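File shown here: input_26.txt, holding compact mmCIF, C-alpha atoms.
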```txt
# COMPACT_ATOMS: atom_id res chain seq x y z
CA MET A 106 0.00 0.00 0.00
CA SER A 107 1.35 3.41 -0.86
CA MET A 108 1.78 6.16 1.67
CA ALA A 109 -0.86 8.35 0.03
CA LYS A 110 -3.42 5.62 0.21
CA ASP A 111 -2.53 4.94 3.82
CA HIS A 112 -3.41 8.51 4.65
CA GLU A 113 -6.76 8.31 2.91
CA TYR A 114 -7.68 5.56 5.29
CA ASN A 115 -6.81 7.50 8.43
CA VAL A 116 -9.72 7.43 10.83
CA GLN A 117 -11.61 10.48 11.96
CA ALA A 118 -11.43 11.54 15.57
CA GLY A 119 -14.18 9.86 17.54
CA GLU A 120 -14.35 6.83 15.31
CA PRO A 121 -15.21 3.69 17.31
CA VAL A 122 -12.16 1.75 16.12
CA GLY A 123 -12.44 -0.86 18.87
CA VAL A 124 -15.97 -1.85 17.94
CA VAL A 125 -15.05 -1.93 14.25
CA ALA A 126 -12.06 -4.16 15.02
CA ALA A 127 -14.20 -6.48 17.11
CA GLN A 128 -16.83 -6.75 14.40
CA SER A 129 -14.27 -7.22 11.66
CA LEU A 130 -12.82 -10.16 13.51
CA GLY A 131 -16.08 -11.46 14.85
CA GLU A 132 -17.96 -11.80 11.61
CA PRO A 133 -15.39 -13.97 9.77
CA GLY A 134 -15.08 -15.89 13.03
CA THR A 135 -18.56 -17.26 12.41
CA GLN A 136 -17.28 -18.92 9.26
CA MET A 137 -14.31 -20.58 10.84
CA VAL A 138 -13.77 -24.14 11.83
CA LEU A 139 -15.28 -24.65 15.22
CA ARG A 140 -13.42 -27.79 16.04
CA THR A 141 -9.83 -28.81 16.05
CA PHE A 142 -9.35 -31.42 13.39
CA HIS A 143 -6.36 -33.45 12.45
CA MET A 144 -4.60 -33.84 9.19
CA THR A 145 -2.23 -36.48 8.06
CA GLY A 146 0.86 -36.00 6.00
CA VAL A 147 1.79 -32.58 7.24
CA ALA A 148 5.55 -32.25 6.93
CA ALA A 149 6.10 -30.18 10.04
CA THR A 150 6.54 -31.60 13.51
CA ALA A 151 3.00 -31.43 14.85
CA ILE A 152 -0.41 -30.34 13.72
CA ALA A 153 -1.04 -26.95 15.20
CA THR A 154 -4.33 -25.88 16.71
CA SER A 155 -6.07 -23.79 14.10
CA GLY A 156 -9.21 -21.86 13.44
CA LEU A 157 -11.48 -20.59 16.16
CA PRO A 158 -9.95 -22.63 19.01
CA ARG A 159 -6.59 -20.99 18.35
CA ILE A 160 -8.11 -17.49 18.13
CA ILE A 161 -9.87 -18.03 21.44
CA GLU A 162 -6.63 -19.29 22.94
CA LEU A 163 -4.82 -16.15 21.82
CA LEU A 164 -7.48 -13.68 22.97
CA ASP A 165 -7.76 -15.44 26.31
CA ALA A 166 -3.98 -15.07 26.68
CA LYS A 167 -3.64 -18.67 27.81
CA LYS A 168 -0.50 -19.57 29.74
CA MET A 169 0.46 -22.37 27.38
CA PRO A 170 -0.86 -22.96 23.86
CA SER A 171 -2.34 -26.40 23.26
CA SER A 172 0.13 -26.99 20.47
CA PRO A 173 3.34 -25.16 21.29
CA LEU A 174 5.97 -24.66 18.63
CA MET A 175 9.46 -23.23 18.52
CA ARG A 176 11.44 -21.94 15.59
CA ILE A 177 15.08 -21.83 16.54
CA ARG A 178 17.55 -19.95 14.40
CA LEU A 179 21.18 -21.01 14.50
CA LYS A 180 24.44 -19.15 14.51
CA GLU A 181 26.08 -18.60 11.13
CA SER A 182 28.46 -21.58 11.29
CA TYR A 183 25.71 -23.97 12.39
CA ALA A 184 23.12 -22.70 9.92
CA LYS A 185 25.30 -23.52 6.91
CA SER A 186 25.92 -27.19 7.61
CA PHE A 187 23.26 -29.83 8.04
CA ALA A 188 25.49 -31.98 10.21
CA LYS A 189 26.08 -29.18 12.70
CA ALA A 190 22.44 -28.12 12.70
CA ASP A 191 21.43 -31.70 13.32
CA GLU A 192 23.90 -31.88 16.19
CA ALA A 193 22.21 -28.88 17.83
CA ALA A 194 18.75 -30.33 17.14
CA LYS A 195 19.76 -33.56 18.89
CA LYS A 196 20.67 -31.58 21.99
CA ILE A 197 17.22 -30.01 21.99
CA SER A 198 14.93 -32.82 20.88
CA GLU A 199 13.11 -34.19 23.88
CA ILE A 200 13.03 -37.97 24.26
CA LYS A 201 11.29 -39.55 27.20
CA MET A 202 12.41 -42.75 28.87
CA SER A 203 8.99 -44.29 28.24
CA SER A 204 9.58 -44.13 24.48
CA VAL A 205 12.92 -45.98 24.49
CA MET A 206 12.18 -48.45 27.27
CA ARG A 207 10.82 -51.95 26.83
CA HIS A 208 10.10 -52.74 30.45
CA ILE A 209 11.36 -52.12 33.96
CA VAL A 210 12.04 -54.67 36.69
CA GLU A 211 12.47 -53.89 40.37
CA ASN A 212 14.48 -55.99 42.78
CA PHE A 213 13.30 -54.85 46.18
CA SER A 214 15.52 -57.18 48.21
CA LYS A 215 18.67 -55.73 46.62
CA GLY A 216 17.24 -52.27 46.06
CA LYS A 217 18.06 -52.42 42.37
CA ILE A 218 16.08 -51.52 39.29
CA LEU A 219 16.70 -53.04 35.87
CA VAL A 220 15.71 -50.97 32.88
CA VAL A 221 15.43 -52.98 29.67
CA LEU A 222 15.82 -50.70 26.69
CA ASN A 223 14.27 -51.07 23.29
CA THR A 224 17.22 -51.32 20.92
CA GLN A 225 15.16 -50.44 17.86
CA SER A 226 13.79 -47.20 19.25
CA LEU A 227 17.23 -46.40 20.63
CA GLN A 228 18.70 -46.73 17.17
CA ALA A 229 15.91 -44.66 15.67
CA ALA A 230 16.64 -41.91 18.15
CA ASP A 231 20.38 -42.29 17.60
CA LEU A 232 21.03 -42.95 21.28
CA THR A 233 23.05 -45.43 23.29
CA ALA A 234 22.61 -46.76 26.81
CA ARG A 235 25.72 -45.07 28.22
CA PRO A 236 24.67 -41.38 28.01
CA ILE A 237 21.19 -42.35 29.22
CA ALA A 238 22.65 -44.00 32.30
CA ALA A 239 24.88 -41.00 32.94
CA ARG A 240 21.95 -38.60 32.69
CA LEU A 241 19.76 -40.75 34.93
CA GLY A 242 22.49 -40.86 37.54
CA LYS A 243 22.99 -37.11 37.48
CA GLU A 244 19.35 -36.10 37.51
CA LEU A 245 17.96 -38.59 40.00
CA GLY A 246 21.01 -38.81 42.23
CA VAL A 247 21.31 -42.57 41.87
CA GLU A 248 24.01 -44.91 40.66
CA ALA A 249 23.23 -46.02 37.13
CA LYS A 250 25.43 -48.41 35.19
CA VAL A 251 25.19 -50.12 31.84
CA GLY A 252 24.90 -53.86 32.34
CA GLU A 253 24.95 -56.77 29.91
CA HIS A 254 22.77 -56.66 26.77
CA GLY A 255 22.88 -52.89 26.99
CA ASN A 256 20.47 -52.72 29.89
CA ILE A 257 20.68 -50.12 32.62
CA ILE A 258 21.05 -51.18 36.23
CA VAL A 259 20.14 -48.58 38.82
CA SER A 260 21.31 -49.05 42.41
CA THR A 261 19.16 -47.11 44.83
CA HIS A 262 21.13 -47.48 48.13
CA THR A 263 17.88 -48.32 49.87
CA LYS A 264 15.75 -51.38 50.41
CA ASN A 265 12.69 -49.44 51.46
CA LEU A 266 9.89 -50.63 49.20
CA LYS A 267 8.26 -47.22 48.90
CA GLU A 268 11.47 -45.40 48.06
CA VAL A 269 12.48 -47.92 45.42
CA ARG A 270 9.06 -47.65 43.80
CA ALA A 271 9.26 -43.85 43.87
CA ILE A 272 12.56 -44.00 41.96
CA THR A 273 11.08 -46.44 39.45
CA VAL A 274 8.30 -43.98 38.74
CA LYS A 275 10.85 -41.18 38.36
CA ILE A 276 12.86 -43.29 35.92
CA THR A 277 9.87 -44.00 33.69
CA LYS A 278 9.05 -40.31 33.60
CA ALA A 279 12.64 -39.20 33.10
CA ILE A 280 13.86 -37.44 30.00
CA VAL A 281 16.78 -39.28 28.44
CA ASN A 282 17.74 -36.73 25.84
CA GLY A 283 17.22 -33.07 25.07
CA ILE A 284 15.36 -30.36 26.90
CA GLU A 285 12.22 -30.82 28.94
CA GLY A 286 9.16 -29.50 27.16
CA ALA A 287 11.06 -28.84 23.96
CA GLY A 288 9.30 -31.62 22.09
CA ARG A 289 10.58 -33.29 18.96
CA ALA A 290 13.05 -31.07 17.15
CA MET A 291 13.74 -31.27 13.44
CA VAL A 292 16.14 -29.54 11.13
CA VAL A 293 14.43 -27.55 8.40
CA GLN A 294 15.92 -25.61 5.53
CA ASP A 295 14.68 -22.16 4.58
CA LYS A 296 14.55 -20.77 1.06
CA ASN A 297 18.01 -19.21 1.42
CA GLY A 298 19.46 -22.63 2.08
CA ASP A 299 20.07 -21.94 5.77
CA PHE A 300 19.21 -24.63 8.25
CA TYR A 301 17.11 -23.96 11.32
CA ILE A 302 15.30 -26.06 13.89
CA GLU A 303 11.59 -26.48 14.36
CA SER A 304 10.38 -28.05 17.52
CA ALA A 305 6.97 -29.21 18.74
CA GLY A 306 7.31 -27.81 22.21
CA SER A 307 8.22 -24.63 23.98
CA ASN A 308 10.81 -23.98 26.63
CA ILE A 309 12.92 -21.06 25.50
CA GLU A 310 15.28 -20.44 28.38
CA PRO A 311 17.28 -23.70 28.30
CA VAL A 312 17.24 -23.76 24.50
CA MET A 313 19.03 -20.40 24.48
CA GLN A 314 21.94 -22.03 26.29
CA VAL A 315 22.41 -24.75 23.66
CA GLU A 316 25.58 -24.43 21.64
CA GLY A 317 25.04 -23.06 18.15
CA VAL A 318 21.65 -21.54 18.89
CA ASP A 319 21.25 -17.83 18.24
CA PRO A 320 19.61 -16.78 21.52
CA GLU A 321 18.17 -13.62 19.99
CA LYS A 322 16.34 -15.50 17.27
CA ILE A 323 14.05 -17.98 18.89
CA TYR A 324 10.39 -17.74 18.07
CA THR A 325 7.62 -19.54 19.87
CA ASN A 326 3.86 -19.37 19.55
CA ASP A 327 3.68 -19.35 23.34
CA LEU A 328 2.88 -15.72 24.19
CA PHE A 329 3.94 -15.90 27.80
CA SER A 330 7.36 -17.33 27.00
CA MET A 331 7.91 -14.52 24.54
CA TYR A 332 6.75 -12.01 27.15
CA ARG A 333 8.97 -13.47 29.85
CA VAL A 334 12.10 -13.71 27.75
CA PHE A 335 11.86 -10.90 25.21
CA GLY A 336 9.38 -8.50 26.79
CA ILE A 337 6.02 -6.97 26.09
CA GLU A 338 6.81 -5.67 22.61
CA ALA A 339 7.86 -9.12 21.42
CA ALA A 340 4.71 -10.58 22.95
CA ARG A 341 2.60 -8.00 21.15
CA ASN A 342 4.21 -8.80 17.83
CA THR A 343 3.84 -12.52 18.41
CA LEU A 344 0.18 -12.04 19.25
CA ALA A 345 -0.46 -10.01 16.10
CA LEU A 346 1.50 -12.45 13.97
CA GLU A 347 -0.25 -15.51 15.37
CA LEU A 348 -3.68 -13.93 14.90
CA ARG A 349 -2.80 -13.02 11.34
CA LYS A 350 -1.48 -16.49 10.59
CA THR A 351 -4.46 -18.28 12.07
CA LEU A 352 -6.86 -16.16 10.02
CA GLU A 353 -4.83 -16.59 6.86
CA ASP A 354 -4.80 -20.35 7.27
CA GLN A 355 -8.58 -20.21 7.12
CA ASP A 356 -8.48 -18.01 4.01
CA ILE A 357 -9.96 -15.11 5.89
CA SER A 358 -8.68 -11.65 5.15
CA VAL A 359 -8.99 -9.16 7.97
CA ASN A 360 -7.30 -5.81 7.66
CA ASP A 361 -3.99 -5.68 9.53
CA ARG A 362 -4.94 -2.60 11.55
CA HIS A 363 -7.74 -4.44 13.32
CA ILE A 364 -5.33 -7.15 14.38
CA SER A 365 -2.74 -4.56 15.40
CA LEU A 366 -5.31 -2.71 17.48
CA ILE A 367 -6.35 -5.84 19.33
CA ALA A 368 -2.73 -6.76 20.01
CA ASP A 369 -2.03 -3.22 21.21
CA ALA A 370 -5.07 -3.22 23.47
CA MET A 371 -4.11 -6.53 25.04
CA THR A 372 -0.58 -5.35 25.80
CA SER A 373 -1.18 -1.68 26.63
CA GLY A 374 -0.90 -2.28 30.36
CA GLY A 375 2.65 -3.63 30.10
CA THR A 376 1.47 -7.17 30.73
CA LEU A 377 -0.49 -9.62 28.63
CA GLN A 378 -4.17 -9.16 29.33
CA SER A 379 -6.92 -11.37 28.09
CA ILE A 380 -10.11 -10.01 26.65
CA GLY A 381 -13.02 -10.76 28.93
CA ARG A 382 -13.92 -11.05 32.56
CA HIS A 383 -10.43 -11.42 33.91
CA GLY A 384 -8.75 -9.05 31.50
CA LEU A 385 -9.62 -5.92 29.61
CA VAL A 386 -13.35 -5.77 30.28
CA GLY A 387 -12.97 -6.77 33.92
CA LYS A 388 -10.59 -3.87 34.51
CA LYS A 389 -12.69 -1.13 32.94
CA GLU A 390 -12.81 2.10 34.85
CA SER A 391 -16.57 2.44 34.94
CA VAL A 392 -18.60 0.46 37.45
CA PHE A 393 -21.65 0.38 35.22
CA ALA A 394 -19.68 -0.87 32.22
CA ARG A 395 -18.32 -3.76 34.26
CA ALA A 396 -21.68 -4.52 35.80
CA ALA A 397 -23.28 -4.51 32.36
CA PHE A 398 -20.86 -7.16 31.16
CA GLU A 399 -20.72 -10.00 33.66
CA GLU A 400 -21.10 -10.57 37.39
CA THR A 401 -23.41 -7.59 37.76
CA VAL A 402 -24.16 -7.94 41.46
CA LYS A 403 -20.56 -8.48 42.46
CA HIS A 404 -19.45 -5.27 40.83
CA LEU A 405 -22.31 -3.18 42.15
CA ILE A 406 -21.89 -4.41 45.71
CA ASN A 407 -18.14 -3.85 45.63
CA ALA A 408 -18.61 -0.39 44.17
CA ALA A 409 -21.09 0.47 46.89
CA ALA A 410 -18.85 -0.91 49.63
CA PHE A 411 -15.76 0.95 48.47
CA GLY A 412 -17.52 4.14 47.38
CA GLU A 413 -16.45 3.98 43.75
CA VAL A 414 -17.23 6.90 41.49
CA ASP A 415 -18.39 6.51 37.91
CA HIS A 416 -17.33 9.40 35.75
CA MET A 417 -19.57 8.31 32.89
CA ARG A 418 -16.85 8.67 30.30
CA GLY A 419 -17.33 5.40 28.46
CA VAL A 420 -19.89 4.13 25.99
CA THR A 421 -21.67 1.40 27.95
CA GLU A 422 -22.46 3.44 31.03
CA ASN A 423 -23.89 6.28 28.95
CA ILE A 424 -26.16 3.98 26.99
CA LEU A 425 -27.24 2.52 30.31
CA VAL A 426 -28.46 5.85 31.63
CA GLY A 427 -29.76 7.02 28.26
CA LYS A 428 -27.22 9.74 27.62
CA GLN A 429 -25.42 10.54 24.38
CA ILE A 430 -22.36 8.34 23.94
CA PRO A 431 -18.92 9.97 23.67
CA LEU A 432 -18.22 8.69 20.16
CA GLY A 433 -18.33 10.32 16.76
CA THR A 434 -20.29 13.57 16.94
CA GLY A 435 -21.12 12.74 20.54
CA SER A 436 -17.48 13.09 21.50
CA VAL A 437 -17.55 16.84 20.93
CA LYS A 438 -18.33 18.88 23.98
CA LEU A 439 -20.17 22.15 23.55
CA VAL A 440 -18.45 25.13 25.08
CA ILE A 441 -20.18 28.49 25.22
CA LYS A 442 -18.38 31.60 26.28
CA SER A 443 -20.26 33.17 29.09
CA LYS A 444 -20.20 36.70 27.59
CA GLU A 445 -21.74 35.61 24.30
CA SER A 446 -24.42 33.65 26.00
CA LYS A 447 -25.38 36.72 27.98
CA LYS A 448 -25.82 38.79 24.80
CA LYS A 449 -28.75 36.67 23.80
CA MET B 112 13.56 10.07 25.40
CA SER B 113 14.31 13.49 26.82
CA ARG B 114 11.70 15.52 28.68
CA ASN B 115 11.38 17.96 25.77
CA ASP B 116 10.81 15.20 23.25
CA ILE B 117 8.21 13.59 25.47
CA ASN B 118 6.32 16.86 25.84
CA SER B 119 6.33 17.59 22.12
CA VAL B 120 5.05 14.08 21.34
CA LEU B 121 2.35 14.35 23.98
CA SER B 122 1.20 17.74 22.70
CA THR B 123 1.01 16.58 19.08
CA LEU B 124 -1.03 13.58 20.15
CA GLY B 125 -3.08 15.70 22.54
CA ILE B 126 -2.73 13.33 25.48
CA THR B 127 -1.10 13.12 28.89
CA VAL B 128 1.70 10.72 29.91
CA GLY B 129 -0.78 8.51 31.74
CA ASN B 130 -2.58 7.79 28.48
CA LEU B 131 0.47 6.15 26.91
CA PRO B 132 0.72 2.36 26.75
CA LYS B 133 2.84 1.00 29.57
CA ILE B 134 5.90 -1.16 29.92
CA LEU B 135 7.00 -2.60 33.24
CA VAL B 136 10.41 -1.73 34.70
CA SER B 137 10.87 -5.46 35.11
CA ASP B 138 10.41 -6.02 31.36
CA PRO B 139 13.51 -7.62 29.78
CA GLN B 140 13.82 -4.85 27.20
CA ALA B 141 13.36 -2.09 29.80
CA LYS B 142 16.08 -3.70 31.88
CA LYS B 143 18.36 -3.86 28.86
CA LEU B 144 17.98 -0.12 28.41
CA SER B 145 18.18 0.36 32.21
CA ALA B 146 15.03 2.44 32.05
CA LYS B 147 13.54 3.94 35.19
CA ALA B 148 9.89 4.43 36.10
CA GLY B 149 8.57 7.58 34.46
CA ASP B 150 10.77 7.27 31.37
CA VAL B 151 9.14 7.05 27.97
CA LEU B 152 10.50 4.54 25.48
CA GLU B 153 10.36 5.28 21.80
CA ILE B 154 9.79 2.07 19.86
CA GLU B 155 10.46 1.75 16.16
CA ARG B 156 7.94 -0.77 15.00
CA GLU B 157 7.48 -2.60 11.78
CA ASP B 158 3.98 -3.90 11.85
CA PHE B 159 2.95 -6.04 8.85
CA GLY B 160 5.39 -4.10 6.70
CA LYS B 161 4.36 -0.66 7.86
CA ALA B 162 6.91 1.22 9.91
CA TYR B 163 5.83 3.62 12.62
CA THR B 164 6.82 4.86 16.04
CA TYR B 165 5.20 3.67 19.22
CA TYR B 166 5.64 4.95 22.76
CA ARG B 167 5.53 3.20 26.06
CA LEU B 168 5.67 4.70 29.53
CA VAL B 169 7.86 2.83 31.98
CA VAL B 170 5.88 2.01 35.11
CA GLU B 171 6.66 0.29 38.40
CA ARG B 172 3.65 -2.02 38.23
```
Output the file's structure as structure tokens, nothing else.
Amino acid sequence: MSMAKDHEYNVQAGEPVGVVAAQSLGEPGTQMVLRTFHMTGVAATAIATSGLPRIIELLDAKKMPSSPLMRIRLKESYAKSFAKADEAAKKISEIKMSSVMRHIVENFSKGKILVVLNTQSLQAADLTARPIAARLGKELGVEAKVGEHGNIIVSTHTKNLKEVRAITVKITKAIVNGIEGAGRAMVVQDKNGDFYIESAGSNIEPVMQVEGVDPEKIYTNDLFSMYRVFGIEAARNTLALELRKTLEDQDISVNDRHISLIADAMTSGGTLQSIGRHGLVGKKESVFARAAFEETVKHLINAAAFGEVDHMRGVTENILVGKQIPLGTGSVKLVIKSKESKKK
Amino acid sequence: MSRNDINSVLSTLGITVGNLPKILVSDPQAKKLSAKAGDVLEIEREDFGKAYTYYRLVVER
């Protein structure tokens, strides 16, 4: 769009941009997929939540998206070679013990636990028993050795039945490779021929420490991670981008400025705020506006108890009492000079 | 931003400092710039290909 055209679309003062944005997003929302559905044959790591469920997730500012995703950019030297990129991806990719284990046997009288590994899945994951044993030992504070047939023998230093069982449970839940919550990581090539990593999980902080990863260039669809690590501006941009992407995936075109406005509104307080009872609407200045939305009695009683004052500056409260709303022509206040009014 | 710059921006927009969007002092980017409460940050944004300037007031909480 050219600059001149941009100016032609500038809004007039008093234009209800918020309502227009809400309507512009709400109407196409009625045409979107209401349910999460699954597709087969998608090349990427996992099938992302799409359509209306994802939009709701974003506007509710949920702590963790139902299908988290990371896009991890690598440092120059790592991005050019597949082998090096793959090496970094292996350090990230999360593999759980349960997926490489065949079964687990406890010997309570000796206080030992035998973990029988699945050689096929080990090979598929490019892992061996030795590093797994080392990691188990370090993380659970037990003695883990590689026994015959490539099995892992864990000595627990206790014969207490309960304690041994507790360790067994910990072992089955343990992560044998990669970073907790990072999910399966894969090396992908962009159109410039540079390699980067896509991962079906989200846990930015430890990933930043991995060798070869460019800590400034990690993207995740998890708003709160972005907010925590990169700040409110990054979270705002992520929110806008994710909204845009979700709508585009459904072949819905909504003007960018509506999306930008929503993202700005949700982040204007310096934190991520959801839209709704616990967020933007719930924190409105006017008592009547809040009471008109949800939990009417609660707001009125609290207002009465604490002596709140309603300045009647918003739209809702003015409609409620039948006054002109401060929008459009209604936003202009009439000022009459006292001298001139006397002349009449 | 300097006090003068802040005032000129506020007068062109016809608002007071309190009306600006906020950013917490504890925000990673605010920390990076070692911003103090009451400062105004000037943010160069590129939003869907359109570049513009955004302002945020640094607040305690």
May I ask for the distance between atom CA of Leu164 of chain A and atom CA of Ser307 of chain A, given in Å to one decimal place?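 Rounded to one decimal, the two atoms are 19.2 Å apart.
Across the model, the gap from atom CA of Met137 of chain A to atom CA of Ile161 of chain A is 11.8 Å.
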Fewer than 6 positions away in the same chain doesn't count, so skip those; otherwise give me all residues within 8 Å of Lys264 of chain A, counting all atoms listed in the file, as a list of chain:residue names.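 That gives A:Phe213, A:Ser214, A:Lys215, A:Gly216.
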Identify, on the basis of only C-alpha atoms, every residue whose closest approach to Arg178 of chain A does not exceed 10 Å; exclude the query and any residue fewer than 2 positions from it along the same chain; express the result as number ranges by chain. A: 175-176, 180-181, 183-184, 190, 299-303, 317-324
Place a sphere of radius 12 Å on (10.6, -4.2, 37.5) in the file coordinates and name every protein, DNA or RNA residue with an atom inside or on its surface, counting only C-alpha atoms; give the answer as a PDB file with C-alpha atoms, in the frame of the given file.
```pdb
ATOM      1  CA  GLY A 336       9.380  -8.500  26.790  1.00  0.00           C
ATOM      2  CA  GLY A 375       2.650  -3.630  30.100  1.00  0.00           C
ATOM      3  CA  THR A 376       1.470  -7.170  30.730  1.00  0.00           C
TER       4      THR A 376
ATOM      5  CA  ILE B 134       5.900  -1.160  29.920  1.00  0.00           C
ATOM      6  CA  LEU B 135       7.000  -2.600  33.240  1.00  0.00           C
ATOM      7  CA  VAL B 136      10.410  -1.730  34.700  1.00  0.00           C
ATOM      8  CA  SER B 137      10.870  -5.460  35.110  1.00  0.00           C
ATOM      9  CA  ASP B 138      10.410  -6.020  31.360  1.00  0.00           C
ATOM     10  CA  PRO B 139      13.510  -7.620  29.780  1.00  0.00           C
ATOM     11  CA  GLN B 140      13.820  -4.850  27.200  1.00  0.00           C
ATOM     12  CA  ALA B 141      13.360  -2.090  29.800  1.00  0.00           C
ATOM     13  CA  LYS B 142      16.080  -3.700  31.880  1.00  0.00           C
ATOM     14  CA  LYS B 143      18.360  -3.860  28.860  1.00  0.00           C
ATOM     15  CA  SER B 145      18.180   0.360  32.210  1.00  0.00           C
ATOM     16  CA  ALA B 146      15.030   2.440  32.050  1.00  0.00           C
ATOM     17  CA  LYS B 147      13.540   3.940  35.190  1.00  0.00           C
ATOM     18  CA  ALA B 148       9.890   4.430  36.100  1.00  0.00           C
ATOM     19  CA  VAL B 169       7.860   2.830  31.980  1.00  0.00           C
ATOM     20  CA  VAL B 170       5.880   2.010  35.110  1.00  0.00           C
ATOM     21  CA  GLU B 171       6.660   0.290  38.400  1.00  0.00           C
ATOM     22  CA  ARG B 172       3.650  -2.020  38.230  1.00  0.00           C
TER      23      ARG B 172
END
```
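Take atom CA of Gly288 of chain A and atom CA of Ser198 of chain A: the distance between them is 5.9 Å.
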Exercise answer, chain A residues close to chain B, 8 Å and only C-alpha atoms, as a compact mmCIF listing (two decimals) with C-alpha atoms, in the frame of the given file:
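Result file out_31.txt:
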```
# COMPACT_ATOMS: atom_id res chain seq x y z
CA ARG A 333 8.97 -13.47 29.85
CA VAL A 334 12.10 -13.71 27.75
CA PHE A 335 11.86 -10.90 25.21
CA GLY A 336 9.38 -8.50 26.79
CA ILE A 337 6.02 -6.97 26.09
CA ASN A 342 4.21 -8.80 17.83
CA ASP A 361 -3.99 -5.68 9.53
CA SER A 365 -2.74 -4.56 15.40
CA THR A 372 -0.58 -5.35 25.80
CA SER A 373 -1.18 -1.68 26.63
CA GLY A 374 -0.90 -2.28 30.36
CA GLY A 375 2.65 -3.63 30.10
CA THR A 376 1.47 -7.17 30.73
```
Residues within 12 Å of segment 131-135 of chain A, only C-alpha atoms, excluding chain neighbours under 5 positions, as a ChimeraX atom specification: /A:123-126,156-161,348,351-353,355-360,363-364
For the residues selected in the previous step, produce a file with C-alpha atoms as an mmCIF file, in the coordinates of the input.
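File out.cif, as written:
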```cif
data_model
loop_
_atom_site.group_PDB
_atom_site.id
_atom_site.type_symbol
_atom_site.label_atom_id
_atom_site.label_comp_id
_atom_site.auth_asym_id
_atom_site.auth_seq_id
_atom_site.Cartn_x
_atom_site.Cartn_y
_atom_site.Cartn_z
ATOM 1 C CA GLY A 123 -12.440 -0.860 18.870
ATOM 2 C CA VAL A 124 -15.970 -1.850 17.940
ATOM 3 C CA VAL A 125 -15.050 -1.930 14.250
ATOM 4 C CA ALA A 126 -12.060 -4.160 15.020
ATOM 5 C CA GLY A 156 -9.210 -21.860 13.440
ATOM 6 C CA LEU A 157 -11.480 -20.590 16.160
ATOM 7 C CA PRO A 158 -9.950 -22.630 19.010
ATOM 8 C CA ARG A 159 -6.590 -20.990 18.350
ATOM 9 C CA ILE A 160 -8.110 -17.490 18.130
ATOM 10 C CA ILE A 161 -9.870 -18.030 21.440
ATOM 11 C CA LEU A 348 -3.680 -13.930 14.900
ATOM 12 C CA THR A 351 -4.460 -18.280 12.070
ATOM 13 C CA LEU A 352 -6.860 -16.160 10.020
ATOM 14 C CA GLU A 353 -4.830 -16.590 6.860
ATOM 15 C CA GLN A 355 -8.580 -20.210 7.120
ATOM 16 C CA ASP A 356 -8.480 -18.010 4.010
ATOM 17 C CA ILE A 357 -9.960 -15.110 5.890
ATOM 18 C CA SER A 358 -8.680 -11.650 5.150
ATOM 19 C CA VAL A 359 -8.990 -9.160 7.970
ATOM 20 C CA ASN A 360 -7.300 -5.810 7.660
ATOM 21 C CA HIS A 363 -7.740 -4.440 13.320
ATOM 22 C CA ILE A 364 -5.330 -7.150 14.380
#
```
Could you pull the residues within 8 Å of segment 168-170 of chain A, counting all atoms listed in the file, minus those fewer than 3 positions along the same chain, as a PyMOL selection string? chain A and resi 162+173+326-329
Within-10 Å shell of (6.5, 10.5, 23.2) in input frame, all atoms listed in the file, as a PyMOL selection string: chain B and resi 112-124+126-128+131+150-154+164-168
Output as a PDB file, keeping the file's coordinate frame: segment 173-182 of chain A, completed with N, CA and C atoms.
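Result written to result_13.pdb:
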```pdb
ATOM      1  N   PRO A 173       2.198 -26.063  21.314  1.00  0.00           N
ATOM      2  CA  PRO A 173       3.340 -25.160  21.290  1.00  0.00           C
ATOM      3  C   PRO A 173       4.315 -25.499  20.168  1.00  0.00           C
ATOM      4  N   LEU A 174       5.049 -24.502  19.747  1.00  0.00           N
ATOM      5  CA  LEU A 174       5.970 -24.660  18.630  1.00  0.00           C
ATOM      6  C   LEU A 174       7.130 -23.677  18.803  1.00  0.00           C
ATOM      7  N   MET A 175       8.319 -24.141  18.485  1.00  0.00           N
ATOM      8  CA  MET A 175       9.460 -23.230  18.520  1.00  0.00           C
ATOM      9  C   MET A 175      10.139 -23.205  17.161  1.00  0.00           C
ATOM     10  N   ARG A 176      10.606 -22.049  16.780  1.00  0.00           N
ATOM     11  CA  ARG A 176      11.440 -21.940  15.590  1.00  0.00           C
ATOM     12  C   ARG A 176      12.770 -21.364  16.059  1.00  0.00           C
ATOM     13  N   ILE A 177      13.791 -22.198  15.969  1.00  0.00           N
ATOM     14  CA  ILE A 177      15.080 -21.830  16.540  1.00  0.00           C
ATOM     15  C   ILE A 177      16.076 -21.557  15.433  1.00  0.00           C
ATOM     16  N   ARG A 178      16.544 -20.333  15.383  1.00  0.00           N
ATOM     17  CA  ARG A 178      17.550 -19.950  14.400  1.00  0.00           C
ATOM     18  C   ARG A 178      18.939 -20.266  14.958  1.00  0.00           C
ATOM     19  N   LEU A 179      19.851 -20.621  14.052  1.00  0.00           N
ATOM     20  CA  LEU A 179      21.180 -21.010  14.500  1.00  0.00           C
ATOM     21  C   LEU A 179      22.213 -19.966  14.137  1.00  0.00           C
ATOM     22  N   LYS A 180      23.323 -20.050  14.832  1.00  0.00           N
ATOM     23  CA  LYS A 180      24.440 -19.150  14.510  1.00  0.00           C
ATOM     24  C   LYS A 180      24.980 -19.499  13.136  1.00  0.00           C
ATOM     25  N   GLU A 181      25.575 -18.496  12.504  1.00  0.00           N
ATOM     26  CA  GLU A 181      26.080 -18.600  11.130  1.00  0.00           C
ATOM     27  C   GLU A 181      26.729 -19.960  10.800  1.00  0.00           C
ATOM     28  N   SER A 182      27.712 -20.364  11.609  1.00  0.00           N
ATOM     29  CA  SER A 182      28.460 -21.580  11.290  1.00  0.00           C
ATOM     30  C   SER A 182      27.584 -22.835  11.360  1.00  0.00           C
TER      31      SER A 182
END
```
